[in-house]
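What's in start-v1.csv: CSV, C-alpha atoms
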chain,number,residue,atom,x,y,z
B,45,MET,CA,0.8,25.6,33.5
B,46,PRO,CA,2.8,23.1,31.5
B,47,ALA,CA,2.8,23.9,27.8
B,48,GLY,CA,2.1,20.3,26.7
B,49,ASN,CA,2.8,19.2,23.1
B,50,GLN,CA,2.5,22.7,21.5
B,51,GLU,CA,5.5,22.2,19.2
B,52,ILE,CA,3.8,19.7,16.9
B,53,ASP,CA,3.9,20.9,13.3
B,54,PRO,CA,0.7,21.3,11.3
B,55,PHE,CA,-0.2,19.1,8.4
B,56,TYR,CA,0.0,21.8,5.7
B,57,VAL,CA,-2.0,19.8,3.1
B,58,MET,CA,-5.1,20.6,5.2
B,59,GLU,CA,-4.6,24.3,4.4
B,60,VAL,CA,-4.8,23.4,0.7
B,61,VAL,CA,-7.9,21.3,1.4
B,62,ALA,CA,-9.6,24.2,3.2
B,63,ALA,CA,-8.7,26.7,0.4
B,64,ALA,CA,-9.9,24.3,-2.3
B,65,GLN,CA,-13.2,23.8,-0.4
B,66,GLU,CA,-13.7,27.5,-0.1
B,67,ARG,CA,-13.1,27.9,-3.9
B,68,GLU,CA,-15.7,25.2,-4.6
B,69,GLN,CA,-18.2,26.8,-2.3
B,70,SER,CA,-17.9,30.0,-4.3
B,71,GLY,CA,-18.9,28.0,-7.4
B,72,GLU,CA,-15.5,27.7,-9.0
B,73,ALA,CA,-14.2,24.4,-10.2
B,74,VAL,CA,-11.3,22.6,-8.5
B,75,PHE,CA,-9.1,19.8,-9.9
B,76,HIS,CA,-8.3,17.8,-6.7
B,77,LEU,CA,-4.7,16.4,-6.7
B,78,GLU,CA,-3.9,17.3,-3.1
B,79,VAL,CA,-5.3,14.6,-0.9
B,80,GLY,CA,-4.4,10.9,-0.8
B,81,GLN,CA,-8.0,9.8,-0.5
B,82,PRO,CA,-9.7,7.6,-3.0
B,83,SER,CA,-12.6,9.4,-4.7
B,84,THR,CA,-14.5,6.1,-4.6
B,85,GLY,CA,-16.3,5.0,-1.4
B,86,ALA,CA,-16.3,1.7,0.4
B,87,PRO,CA,-16.9,-1.4,-1.8
B,88,GLN,CA,-20.5,-2.4,-2.3
B,89,GLY,CA,-20.2,-5.6,-0.2
B,90,ALA,CA,-19.0,-3.5,2.8
B,91,ILE,CA,-21.9,-1.0,2.3
B,92,ASP,CA,-24.4,-3.8,2.1
B,93,SER,CA,-23.0,-5.3,5.3
B,94,ALA,CA,-23.4,-1.9,7.0
B,95,HIS,CA,-27.1,-1.6,6.0
B,96,ARG,CA,-27.8,-5.1,7.5
B,97,LEU,CA,-26.0,-4.3,10.7
B,98,LEU,CA,-27.8,-1.0,11.2
B,99,ASP,CA,-31.1,-2.8,11.0
B,100,ASP,CA,-30.3,-5.9,12.9
B,101,HIS,CA,-27.4,-5.4,15.3
B,102,THR,CA,-26.9,-3.6,18.6
B,103,LEU,CA,-23.3,-2.5,17.6
B,104,GLY,CA,-22.0,-2.2,21.1
B,105,TYR,CA,-18.4,-2.5,22.4
B,106,THR,CA,-16.2,-5.2,21.0
B,107,THR,CA,-13.0,-6.4,22.6
B,108,SER,CA,-9.9,-4.2,22.0
B,109,ARG,CA,-8.8,-6.8,19.5
B,110,GLY,CA,-12.0,-6.6,17.6
B,111,ILE,CA,-14.9,-8.9,16.6
B,112,PRO,CA,-14.0,-12.6,16.6
B,113,GLU,CA,-14.2,-12.8,12.8
B,114,PHE,CA,-11.6,-10.2,12.2
B,115,ALA,CA,-8.2,-11.7,13.0
B,116,PRO,CA,-8.9,-15.1,11.2
B,117,ALA,CA,-10.2,-13.2,8.2
B,118,MET,CA,-7.1,-11.1,8.1
B,119,ALA,CA,-4.8,-14.1,8.5
B,120,LYS,CA,-6.5,-15.7,5.5
B,121,HIS,CA,-6.1,-12.5,3.5
B,122,ILE,CA,-2.4,-12.2,4.4
B,123,GLY,CA,-2.0,-15.8,3.5
B,124,SER,CA,-3.6,-15.4,0.1
B,125,GLN,CA,-1.7,-12.2,-0.7
B,126,TYR,CA,1.8,-13.3,0.4
B,127,ASP,CA,1.6,-17.1,0.6
B,128,LEU,CA,2.3,-16.8,4.3
B,129,ASP,CA,0.9,-18.5,7.4
B,130,VAL,CA,0.3,-15.9,10.2
B,131,ASP,CA,-1.0,-16.7,13.6
B,132,PRO,CA,-4.3,-14.7,14.0
B,133,GLY,CA,-3.2,-14.0,17.6
B,134,ARG,CA,-0.6,-11.7,16.2
B,135,ILE,CA,-3.1,-9.6,14.4
B,136,ALA,CA,-4.8,-6.6,16.0
B,137,ILE,CA,-7.5,-4.3,14.5
B,138,THR,CA,-7.0,-0.6,15.1
B,139,GLN,CA,-8.6,2.8,14.4
B,140,GLY,CA,-6.9,3.2,11.1
B,141,ALA,CA,-3.2,3.0,10.4
B,142,SER,CA,-2.7,6.1,12.6
B,143,GLY,CA,-4.1,4.3,15.6
B,144,ALA,CA,-1.9,1.3,14.9
B,145,PHE,CA,1.2,3.6,14.8
B,146,VAL,CA,0.4,5.3,18.1
B,147,LEU,CA,-0.2,1.9,19.9
B,148,SER,CA,2.8,0.3,18.2
B,149,LEU,CA,5.2,3.1,19.2
B,150,LEU,CA,3.9,3.0,22.8
B,151,ALA,CA,4.2,-0.8,22.9
B,152,ALA,CA,7.7,-1.0,21.3
B,153,PHE,CA,9.6,2.0,22.8
B,154,GLU,CA,10.1,4.1,25.8
B,155,PRO,CA,10.2,7.9,25.9
B,156,GLY,CA,13.5,9.1,24.4
B,157,ALA,CA,13.8,6.3,21.9
B,158,ARG,CA,15.5,7.2,18.7
B,159,VAL,CA,13.4,6.1,15.7
B,160,ALA,CA,14.6,6.6,12.2
B,161,VAL,CA,12.3,8.1,9.6
B,162,THR,CA,13.0,9.0,6.0
B,163,THR,CA,13.0,12.6,4.7
B,164,PRO,CA,11.1,13.2,2.6
B,165,GLY,CA,8.5,11.1,4.3
B,166,TYR,CA,5.0,11.1,5.8
B,167,PRO,CA,5.0,13.9,8.3
B,168,CYS,CA,2.8,12.3,10.9
B,169,TYR,CA,5.6,9.8,11.7
B,170,ARG,CA,7.7,12.7,13.0
B,171,ASN,CA,4.8,14.4,14.7
B,172,MET,CA,3.6,11.2,16.5
B,173,LEU,CA,7.1,10.5,17.8
B,174,ALA,CA,7.4,14.1,19.0
B,175,ALA,CA,4.1,13.9,20.8
B,176,LEU,CA,5.2,10.7,22.5
B,177,HIS,CA,8.5,12.3,23.6
B,178,MET,CA,10.6,10.1,21.2
B,179,GLU,CA,13.2,11.4,18.8
B,180,ALA,CA,12.6,11.2,15.1
B,181,VAL,CA,16.0,10.6,13.5
B,182,SER,CA,15.9,12.0,10.0
B,183,ILE,CA,17.4,9.8,7.2
B,184,GLU,CA,17.9,12.0,4.2
B,185,VAL,CA,17.0,10.2,1.0
B,186,ASP,CA,17.0,11.4,-2.6
B,187,ALA,CA,16.9,10.2,-6.2
B,188,SER,CA,20.3,8.4,-5.7
B,189,THR,CA,18.5,5.8,-3.4
B,190,ARG,CA,15.2,6.1,-5.1
B,191,PHE,CA,14.0,8.0,-2.1
B,192,GLN,CA,14.3,4.9,0.2
B,193,PRO,CA,16.7,4.2,3.0
B,194,THR,CA,19.7,2.0,2.8
B,195,VAL,CA,21.7,0.0,5.3
B,196,GLU,CA,24.6,2.5,4.9
B,197,LEU,CA,22.3,5.4,5.7
B,198,LEU,CA,21.0,3.6,8.8
B,199,GLU,CA,24.5,2.8,10.0
B,200,ALA,CA,25.4,6.5,9.6
B,201,ALA,CA,22.5,7.6,11.8
B,202,GLY,CA,24.0,6.6,15.1
B,203,PRO,CA,22.4,4.4,17.7
B,204,LEU,CA,18.8,3.6,16.9
B,205,ASP,CA,15.9,1.9,18.7
B,206,GLY,CA,13.6,1.7,15.7
B,207,VAL,CA,13.1,2.4,12.0
B,208,ILE,CA,9.9,3.2,10.1
B,209,VAL,CA,9.9,2.4,6.5
B,210,ALA,CA,7.1,2.9,4.0
B,211,SER,CA,7.1,0.9,0.7
B,212,PRO,CA,5.3,2.1,-1.4
B,213,SER,CA,6.1,5.4,0.1
B,214,ASN,CA,4.3,8.7,0.6
B,215,PRO,CA,5.1,11.2,-0.9
B,216,THR,CA,7.3,9.7,-3.6
B,217,GLY,CA,5.5,6.4,-4.5
B,218,THR,CA,8.8,4.5,-4.6
B,219,VAL,CA,9.0,0.8,-3.7
B,220,LEU,CA,11.8,-1.2,-2.1
B,221,SER,CA,12.7,-4.4,-4.0
B,222,PRO,CA,12.3,-7.6,-2.0
B,223,ALA,CA,16.1,-7.8,-1.7
B,224,GLU,CA,16.4,-4.2,-0.5
B,225,LEU,CA,13.6,-4.6,2.1
B,226,GLY,CA,15.2,-7.9,3.2
B,227,ASN,CA,18.6,-6.2,3.7
B,228,LEU,CA,17.0,-3.5,5.9
B,229,VAL,CA,15.0,-6.0,8.0
B,230,ALA,CA,18.1,-8.2,8.5
B,231,TRP,CA,20.2,-5.3,9.6
B,232,CYS,CA,17.6,-4.3,12.1
B,233,ASP,CA,17.4,-7.8,13.5
B,234,GLU,CA,21.2,-8.0,13.7
B,235,ASN,CA,21.4,-4.7,15.6
B,236,ASP,CA,18.4,-5.1,17.9
B,237,VAL,CA,16.5,-2.3,16.1
B,238,ARG,CA,12.7,-2.6,15.8
B,239,PHE,CA,11.6,-2.5,12.2
B,240,ILE,CA,8.2,-1.0,11.6
B,241,SER,CA,6.8,-1.5,8.1
B,242,ASP,CA,4.1,0.9,6.8
B,243,GLU,CA,2.4,-1.2,4.1
B,244,ILE,CA,-0.7,0.9,3.8
B,245,TYR,CA,-0.3,1.2,0.0
B,246,HIS,CA,0.2,-2.5,-0.7
B,247,GLY,CA,-2.1,-3.6,-3.5
B,248,LEU,CA,-1.4,-0.3,-5.4
B,249,THR,CA,1.7,-0.9,-7.6
B,250,TYR,CA,2.3,-0.4,-11.3
B,251,ASP,CA,4.5,-1.9,-14.1
B,252,ASN,CA,4.6,-5.3,-12.4
B,253,THR,CA,6.4,-3.9,-9.4
B,254,GLU,CA,6.8,-6.6,-6.7
B,255,THR,CA,6.1,-6.0,-3.0
B,256,VAL,CA,6.6,-8.3,-0.1
B,257,THR,CA,5.5,-7.9,3.5
B,258,ALA,CA,8.0,-7.5,6.3
B,259,THR,CA,6.1,-10.2,8.2
B,260,SER,CA,7.6,-12.8,5.8
B,261,LEU,CA,11.1,-11.5,6.6
B,262,SER,CA,11.2,-11.4,10.4
B,263,ASP,CA,9.0,-12.3,13.3
B,264,ASN,CA,10.4,-9.2,15.1
B,265,ALA,CA,8.9,-6.7,12.6
B,266,ILE,CA,5.8,-4.7,13.2
B,267,VAL,CA,3.7,-4.4,10.1
B,268,ILE,CA,0.9,-1.8,9.8
B,269,ASN,CA,-1.8,-1.6,7.2
B,270,SER,CA,-5.2,-0.1,6.7
B,271,PHE,CA,-8.4,-0.3,4.8
B,272,SER,CA,-8.1,3.4,3.7
B,273,LYS,CA,-6.2,3.1,0.5
B,274,TYR,CA,-6.6,-0.1,-1.6
B,275,PHE,CA,-9.9,-0.8,0.2
B,276,SER,CA,-11.1,2.8,-0.3
B,277,MET,CA,-12.5,3.2,3.2
B,278,THR,CA,-10.7,6.3,4.6
B,279,GLY,CA,-13.6,7.6,6.6
B,280,TRP,CA,-14.4,4.4,8.3
B,281,ARG,CA,-11.1,4.5,10.2
B,282,VAL,CA,-10.1,0.9,10.4
B,283,GLY,CA,-6.6,-0.7,10.1
B,284,TRP,CA,-4.6,-3.5,11.5
B,285,ALA,CA,-1.2,-4.4,12.8
B,286,VAL,CA,0.8,-7.7,12.6
B,287,LEU,CA,2.8,-7.8,15.9
B,288,PRO,CA,5.7,-9.8,17.3
B,289,ASP,CA,4.5,-12.2,19.9
B,290,GLU,CA,6.3,-10.3,22.6
B,291,LEU,CA,4.3,-7.1,22.0
B,292,THR,CA,0.8,-8.5,21.7
B,293,THR,CA,-0.2,-8.3,25.4
B,294,ARG,CA,1.3,-4.8,25.8
B,295,PHE,CA,-0.4,-3.6,22.6
B,296,ASP,CA,-3.8,-5.1,23.8
B,297,ARG,CA,-3.5,-3.4,27.2
B,298,LEU,CA,-2.7,0.0,25.6
B,299,ALA,CA,-5.7,-0.4,23.2
B,300,GLN,CA,-8.0,-1.3,26.1
B,301,ASN,CA,-7.1,1.9,27.9
B,302,LEU,CA,-6.6,4.3,25.1
B,303,VAL,CA,-9.4,3.4,22.6
B,304,ILE,CA,-11.4,0.5,24.1
B,305,CYS,CA,-12.1,-0.8,20.6
B,306,PRO,CA,-12.4,0.4,17.0
B,307,THR,CA,-15.8,1.4,15.7
B,308,ALA,CA,-17.9,-1.8,15.6
B,309,ILE,CA,-19.6,-1.2,12.3
B,310,SER,CA,-16.3,-0.5,10.6
B,311,GLN,CA,-14.9,-3.8,11.8
B,312,TYR,CA,-17.8,-5.8,10.2
B,313,MET,CA,-17.5,-3.7,7.0
B,314,ALA,CA,-13.8,-4.4,6.9
B,315,VAL,CA,-14.3,-8.2,7.0
B,316,ALA,CA,-16.9,-7.9,4.2
B,317,ALA,CA,-14.5,-5.7,2.1
B,318,LEU,CA,-12.0,-8.6,2.0
B,319,ASP,CA,-14.4,-10.3,-0.4
B,320,CYS,CA,-14.6,-7.4,-2.8
B,321,ARG,CA,-11.3,-7.6,-4.6
B,322,GLU,CA,-12.8,-7.7,-8.1
B,323,GLU,CA,-14.4,-4.3,-7.5
B,324,LEU,CA,-11.4,-2.9,-5.8
B,325,ASP,CA,-9.0,-4.0,-8.5
B,326,GLN,CA,-11.0,-1.9,-10.9
B,327,HIS,CA,-9.9,1.1,-8.9
B,328,LEU,CA,-6.3,0.1,-9.6
B,329,VAL,CA,-7.1,0.1,-13.3
B,330,ARG,CA,-8.3,3.7,-13.0
B,331,TYR,CA,-5.2,4.7,-10.9
B,332,THR,CA,-3.0,3.2,-13.6
B,333,GLU,CA,-4.7,5.4,-16.2
B,334,ASN,CA,-4.5,8.5,-14.0
B,335,ARG,CA,-0.8,7.9,-13.3
B,336,GLN,CA,0.0,7.7,-17.0
B,337,ILE,CA,-1.9,11.0,-17.7
B,338,LEU,CA,0.3,12.7,-15.2
B,339,LEU,CA,3.5,11.1,-16.2
B,340,ASP,CA,2.8,12.2,-19.8
B,341,GLY,CA,1.3,15.6,-18.9
B,342,LEU,CA,3.5,17.0,-16.2
B,343,PRO,CA,6.7,17.1,-18.2
B,344,LYS,CA,4.8,19.2,-20.8
B,345,ALA,CA,4.0,21.6,-18.0
B,346,GLY,CA,7.7,22.0,-17.2
B,347,MET,CA,8.0,19.3,-14.6
B,348,THR,CA,10.5,16.7,-15.8
B,349,ASP,CA,12.2,15.7,-12.6
B,350,LEU,CA,9.8,13.1,-11.2
B,351,ALA,CA,10.4,10.4,-8.6
B,352,PRO,CA,9.7,6.8,-9.9
B,353,ALA,CA,6.0,6.3,-9.3
B,354,ASP,CA,6.2,2.6,-8.5
B,355,GLY,CA,3.2,2.5,-6.2
B,356,ALA,CA,0.7,4.3,-4.1
B,357,PHE,CA,-1.0,7.1,-6.0
B,358,TYR,CA,1.5,10.0,-5.8
B,359,ILE,CA,3.9,11.8,-8.1
B,360,TRP,CA,6.7,13.7,-6.4
B,361,ALA,CA,7.9,16.5,-8.7
B,362,ARG,CA,10.7,19.0,-8.4
B,363,THR,CA,9.3,22.6,-9.0
B,364,ASP,CA,12.0,25.0,-7.8
B,365,HIS,CA,12.8,26.0,-11.4
B,366,LEU,CA,9.1,27.1,-11.7
B,367,ALA,CA,9.0,29.0,-8.4
B,368,ALA,CA,11.2,29.3,-5.4
B,369,ASP,CA,8.5,28.3,-2.9
B,370,SER,CA,6.2,25.4,-3.6
B,371,LYS,CA,3.7,26.7,-1.0
B,372,LEU,CA,3.3,30.0,-2.9
B,373,LEU,CA,3.2,28.1,-6.2
B,374,ALA,CA,0.4,25.8,-4.9
B,375,ALA,CA,-1.6,28.9,-3.8
B,376,GLU,CA,-1.1,30.5,-7.3
B,377,TRP,CA,-2.2,27.3,-9.1
B,378,LEU,CA,-5.3,27.0,-7.0
B,379,ARG,CA,-6.2,30.7,-7.3
B,380,MET,CA,-5.5,30.9,-11.1
B,381,LEU,CA,-6.2,27.4,-12.4
B,382,GLY,CA,-8.2,25.6,-9.8
B,383,VAL,CA,-5.5,23.0,-9.5
B,384,ALA,CA,-5.1,21.8,-5.9
B,385,ALA,CA,-1.7,20.1,-5.2
B,386,THR,CA,0.3,19.6,-2.0
B,387,PRO,CA,3.5,21.6,-1.5
B,388,GLY,CA,6.4,19.5,-0.4
B,389,ILE,CA,7.0,21.3,3.0
B,390,ASP,CA,4.8,18.7,4.7
B,391,PHE,CA,7.2,15.9,3.7
B,392,HIS,CA,10.6,17.6,3.9
B,393,PRO,CA,11.0,20.4,6.4
B,394,THR,CA,14.1,22.0,4.8
B,395,GLN,CA,13.9,21.1,1.1
B,396,GLY,CA,10.2,20.7,0.6
B,397,HIS,CA,9.8,24.1,-0.8
B,398,LYS,CA,11.5,22.7,-4.0
B,399,TYR,CA,8.9,20.0,-4.5
B,400,MET,CA,5.2,19.4,-5.1
B,401,ARG,CA,3.2,16.2,-4.5
B,402,PHE,CA,0.4,15.3,-6.9
B,403,SER,CA,-2.2,12.7,-6.0
B,404,PHE,CA,-3.8,10.7,-8.8
B,405,CYS,CA,-6.6,8.8,-6.9
B,406,GLY,CA,-9.4,10.9,-8.4
B,407,SER,CA,-11.0,10.6,-11.9
B,408,PRO,CA,-9.2,10.6,-15.2
B,409,GLU,CA,-11.2,13.7,-16.1
B,410,THR,CA,-9.7,15.5,-13.1
B,411,MET,CA,-6.2,14.4,-14.2
B,412,ARG,CA,-6.7,15.6,-17.8
B,413,GLY,CA,-8.2,18.9,-16.7
B,414,ALA,CA,-5.4,19.5,-14.3
B,415,VAL,CA,-2.6,18.8,-16.7
B,416,ASP,CA,-4.3,20.9,-19.4
B,417,ALA,CA,-4.5,23.8,-17.1
B,418,LEU,CA,-0.9,23.4,-15.9
B,419,GLN,CA,0.4,23.2,-19.5
B,420,LYS,CA,-1.4,26.4,-20.5
B,421,TRP,CA,-0.1,28.1,-17.4
B,422,ARG,CA,3.5,27.0,-18.3
B,423,LEU,CA,3.1,28.4,-21.8
B,424,ARG,CA,1.9,31.7,-20.4
B,425,GLN,CA,4.9,31.7,-18.0
B,426,LEU,CA,7.3,31.1,-20.8
B,427,ALA,CA,5.8,33.8,-23.0
B,428,HIS,CA,6.5,36.3,-20.3
Spell out the structure here as structure tokens.
Amino acid sequence: MPAGNQEIDPFYVMEVVAAAQEREQSGEAVFHLEVGQPSTGAPQGAIDSAHRLLDDHTLGYTTSRGIPEFAPAMAKHIGSQYDLDVDPGRIAITQGASGAFVLSLLAAFEPGARVAVTTPGYPCYRNMLAALHMEAVSIEVDASTRFQPTVELLEAAGPLDGVIVASPSNPTGTVLSPAELGNLVAWCDENDVRFISDEIYHGLTYDNTETVTATSLSDNAIVINSFSKYFSMTGWRVGWAVLPDELTTRFDRLAQNLVICPTAISQYMAVAALDCREELDQHLVRYTENRQILLDGLPKAGMTDLAPADGAFYIWARTDHLAADSKLLAAEWLRMLGVAATPGIDFHPTQGHKYMRFSFCGSPETMRGAVDALQKWRLRQLAH
């Protein structure tokens, strides 16, 4: 029998999650810095909407494009955030950003397409491309480019059909300036390369860092976003895509056949969440505090080489001076300290053993407990 897609790499952070849960079930404390999931739930307005719907609504199928309210509400949201007029017909609701990526890749490319992704970068880009029989072209980025791609790096990658860029990025948290993003988008348009902008962490930036949407820079770009991060609705699995006109019909037909429609209740909750910005902005206040706790505390635990944490809720730290293998180091920290962090092998297949990703979307108490434990661990390490 054919082997199918058996070569897809695992998402190693889930091993950390499982080990952390096992530790908690045995009654031991865990400081969760491993998963990029807000510790808060959906905003209250979305929850209230869900209660009303469960009592009064059939919640059957919707169209593949979602409930009628969704696209106009998203167009209004995009307009208010970026001072941009977007045709609601270009906006599609999806099953999270992951669903948007699968449908976008299928709509935009044929098997064998060469699509550039940054390394380090979100591993599911590579794995999705592999599953769809497309080639993930690795663009090696580092501190010299603030862990973001440049036009020069794209030019050196050979012929490309597409580029996926995340700003703010996972795992590094770095943000492209409006000019840098504009240069990348312009190069793609000039070279007939499809630009895909992962904007899932928009709304989560620090120190007055500015973000722009690629939709404002080109009508050819695909922009993907989600209600998981800023809107704190990971488990509800709802996202959206802003598409070029030429791809909307193809995207819709793929959605009709592959998913039928996103979960109905999540669609209504998403529309309600758009009116909850005051509550959601308070989460950003907490993330800002958490970020500072780690930026102050990790160097005292021996980790001084940190990527600029412009946005998202991650700190990318070099750890190879502490241990040769970050996966083994993460296991030691969890076993000895109860600190759960993500080894960099998920994000960089060859150099990730030198790095650790810390997520700061939990509580300030969790951050303080984690850095205190790590600092004491470092003192013991130095004493030996």
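For Arg294 in chain B, the list of residues within 9 Å, based on only C-alpha atoms and with local chain neighbours fewer than 5 positions off taken out, reads Leu150, Ala151, Ala152 and Ala299 of chain B.
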Spatial neighbours of Ser188 in chain B, max dist 12 Å, all atoms listed in the file, sep filter under 3 positions, as an mmCIF file with C-alpha atoms, in the frame of the given file:
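Result written to result.cif:
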data_model
loop_
_atom_site.group_PDB
_atom_site.id
_atom_site.type_symbol
_atom_site.label_atom_id
_atom_site.label_comp_id
_atom_site.auth_asym_id
_atom_site.auth_seq_id
_atom_site.Cartn_x
_atom_site.Cartn_y
_atom_site.Cartn_z
ATOM 1 C CA GLU B 184 17.900 12.000 4.200
ATOM 2 C CA VAL B 185 17.000 10.200 1.000
ATOM 3 C CA PHE B 191 14.000 8.000 -2.100
ATOM 4 C CA GLN B 192 14.300 4.900 0.200
ATOM 5 C CA PRO B 193 16.700 4.200 3.000
ATOM 6 C CA THR B 194 19.700 2.000 2.800
ATOM 7 C CA LEU B 197 22.300 5.400 5.700
ATOM 8 C CA ALA B 351 10.400 10.400 -8.600
ATOM 9 C CA PRO B 352 9.700 6.800 -9.900
#
Each range 254-341 of chain B residue no farther than 6 Å from range 86-93 of chain B, nearest pair in Å, only C-alpha atoms, as a tab-separated table:
residue	atom	partner	partner_atom	distance
B:Ser276	CA	B:Ala86	CA	5.4
B:Met277	CA	B:Ala86	CA	5.0
B:Met313	CA	B:Ala90	CA	4.5
B:Ala316	CA	B:Ala90	CA	5.1
B:Ala317	CA	B:Ala90	CA	5.1
Which residue, B:Asp369, B:Asp289, B:Glu243, B:Asp251, has the smallest gap to Phe145 in chain B when you use all atoms listed in the file? B:Glu243
CA of Pro222 in chain B to CA of Lys273 in chain B: how many Å, to one decimal?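 Atom-to-atom, CA of Pro222 in chain B to CA of Lys273 in chain B, that is 21.5 Å.
Comparing B:Tyr274, B:Phe295, B:Tyr105, B:Tyr358 by their smallest distance to Cys320 in chain B, the closest is B:Tyr274 (using only C-alpha atoms).
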Do you have the CA of Ser370 in chain B-CA of Gln65 in chain B distance handy?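 Separation between CA of Ser370 in chain B and CA of Gln65 in chain B: 19.7 Å.
Summary of the local environment: counting only C-alpha atoms, residues at most 9 Å from Lys398 in chain B, other than itself and those fewer than 4 positions away along its chain, are Ala361, Arg362, Thr363, Asp364, His365, Ala367, Ala368, Asp369, Ser370, Pro387, Gly388 and Ile389 of chain B.
Note that CA of Val415 in chain B and CA of Ala427 in chain B are 18.3 Å apart.
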Using all atoms listed in the file, the shortest atom-to-atom distance to Met380 in chain B among B:Thr106, B:Ala73, B:Pro54, B:His246 belongs to B:Ala73
Please provide the set of residues having any atom within 9 Å of Val57 in chain B, restricted to all atoms listed in the file, with same-chain residues fewer than 6 positions apart removed, written as a PDB file with C-alpha atoms, keeping the file's coordinate frame.
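Full text of around-v7.pdb as output:
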ATOM      1  CA  GLU B  78      -3.900  17.300  -3.100  1.00  0.00           C
ATOM      2  CA  VAL B  79      -5.300  14.600  -0.900  1.00  0.00           C
ATOM      3  CA  ALA B 385      -1.700  20.100  -5.200  1.00  0.00           C
ATOM      4  CA  THR B 386       0.300  19.600  -2.000  1.00  0.00           C
ATOM      5  CA  PRO B 387       3.500  21.600  -1.500  1.00  0.00           C
ATOM      6  CA  ASP B 390       4.800  18.700   4.700  1.00  0.00           C
TER       7      ASP B 390
END
Please determine the residues with any atom at most 9 Å from (7.5, -2.7, -10.0) (coordinates as given in the file, with only C-alpha atoms counting) and report them as a PyMOL selection string. chain B and resi 219+221+249-255+354-355
Within 12 Å of Val74 in chain B using all atoms listed in the file, minus same-chain residues under 5 positions, as a ChimeraX atom specification: /B:60-69,377-385,406,409-411,413-414,417
Taking into account all atoms listed in the file, which residue in the set B:Leu366, B:Ala258, B:Ala115, B:Val303 is nearest to Ile208 in chain B?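 Looking only at the distances to Ile208 in chain B, the closest residue turns out to be B:Ala258.
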